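Student: Questions regarding the structure given below will be posed in turn.
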Amino acid sequence: MSKVAVVYWSGTGNTEMMAQKVAEGAKEAGAEVTVLTSAEFSADDVDAYDAIAFGCPAMGAEELEDTEFEPMFSACESKLSGKKIALFGSYGWGDGEWMRTWEETCKNDGADLVCDSVICADAPDDEAEAACAALGKALC
């Protein structure tokens, strides 16, 4: 059984809803899943999981949330080489640039992005929820 962490930051609850769907998908695929906020996760935890789904909405000028999530993620970067990960998040404006930038960062870190990232405008609809569940399954 693979161990999967779903690590997220959410300001309005949209990314939290997405995280729950990712966790459901991973559980359906047979994984042992732990859902954590970015404040509850650190670089020291990376090695304890076979795969990690990171979720963060677009903030400011299409960037990761910078007080909790980005510092945690930056600290994890040195441990992502060869690690199976997936990315998700919501946005309220823009065109998804923050996710493209984040994906490029992860590729440069040597991470194994196991599937397409999932983004949605505002609250996740049925299609986005299904995509999040599929993302969770892809991690397993």
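Each chain in the structure tokens gets a letter, A, B, ..., in the order shown, and its residues are numbered from 1; ligands are numbered from 1 in order too.
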Which residues of stretch 32-54 of chain A come within 12 Å of stretch 104-121 of chain A, and what is each one's closest atom pair and distance in Å (one decimal), counting only C-alpha atoms, sorted by chain and residue number, as JSON lines?
Tutor:
{"residue": "A:Asp50", "atom": "CA", "partner": "A:Asp112", "partner_atom": "CA", "distance": 11.4}
{"residue": "A:Ala51", "atom": "CA", "partner": "A:Val114", "partner_atom": "CA", "distance": 9.3}
{"residue": "A:Ile52", "atom": "CA", "partner": "A:Leu113", "partner_atom": "CA", "distance": 9.9}
{"residue": "A:Ala53", "atom": "CA", "partner": "A:Leu113", "partner_atom": "CA", "distance": 9.7}
{"residue": "A:Phe54", "atom": "CA", "partner": "A:Ser117", "partner_atom": "CA", "distance": 9.9}
Student: Would you please give, as a ChimeraX atom specification, all residues of chain A that DSSP assigns to strand (DSSP E) based on the backbone?
Tutor: /A:3-8,32-37,51-55,84-91,112-113,118-121
Student: Env of A:Glu62: 10 Å cut, atoms = only C-alpha atoms, seq-sep filter 2 positions within chain, self excluded. Answer as a PyMOL selection string.
Tutor: chain A and resi 57-60+64-65+91-99+101
Student: With only C-alpha atoms as the counted atoms, please give the residues lying no more than 12 Å from A:Lys137, apart from itself and same-chain residues fewer than 4 positions off, as a PDB file with C-alpha atoms, in the first residue's frame.
Tutor:
ATOM      1  CA  SER A   2       1.421   3.349  -0.969  1.00  0.00           C
ATOM      2  CA  VAL A   4       0.217   9.504   0.001  1.00  0.00           C
ATOM      3  CA  LYS A  21     -11.361  15.021  -3.564  1.00  0.00           C
ATOM      4  CA  VAL A  22      -7.692  14.207  -4.228  1.00  0.00           C
ATOM      5  CA  ALA A  23      -7.608  12.250  -0.957  1.00  0.00           C
ATOM      6  CA  GLU A  24     -10.806  10.381  -1.863  1.00  0.00           C
ATOM      7  CA  GLY A  25      -9.313   9.349  -5.208  1.00  0.00           C
ATOM      8  CA  ALA A  26      -6.098   8.110  -3.621  1.00  0.00           C
ATOM      9  CA  LYS A  27      -8.056   6.144  -1.001  1.00  0.00           C
ATOM     10  CA  GLU A  28     -10.199   4.558  -3.731  1.00  0.00           C
ATOM     11  CA  ALA A  29      -6.965   3.438  -5.392  1.00  0.00           C
ATOM     12  CA  GLY A  30      -5.904   1.739  -2.162  1.00  0.00           C
ATOM     13  CA  ALA A  31      -3.466   4.259  -0.711  1.00  0.00           C
ATOM     14  CA  GLU A  32      -2.992   5.176   2.920  1.00  0.00           C
ATOM     15  CA  VAL A  33      -3.718   8.921   2.780  1.00  0.00           C
ATOM     16  CA  ALA A  51       3.816  10.352  -3.288  1.00  0.00           C
ATOM     17  CA  ILE A  52       2.641  13.872  -2.460  1.00  0.00           C
ATOM     18  CA  ALA A  53      -0.126  16.028  -3.891  1.00  0.00           C
ATOM     19  CA  ILE A  85       4.032  14.409  -6.994  1.00  0.00           C
ATOM     20  CA  ALA A  86       0.965  16.111  -8.416  1.00  0.00           C
ATOM     21  CA  VAL A 114       2.630  11.832 -12.418  1.00  0.00           C
ATOM     22  CA  CYS A 115      -0.288  13.545 -14.179  1.00  0.00           C
ATOM     23  CA  ALA A 130     -13.652  14.362 -10.854  1.00  0.00           C
ATOM     24  CA  ALA A 131     -10.264  15.587 -12.113  1.00  0.00           C
ATOM     25  CA  CYS A 132      -9.041  15.895  -8.515  1.00  0.00           C
ATOM     26  CA  ALA A 133     -10.142  12.335  -7.732  1.00  0.00           C
TER      27      ALA A 133
END
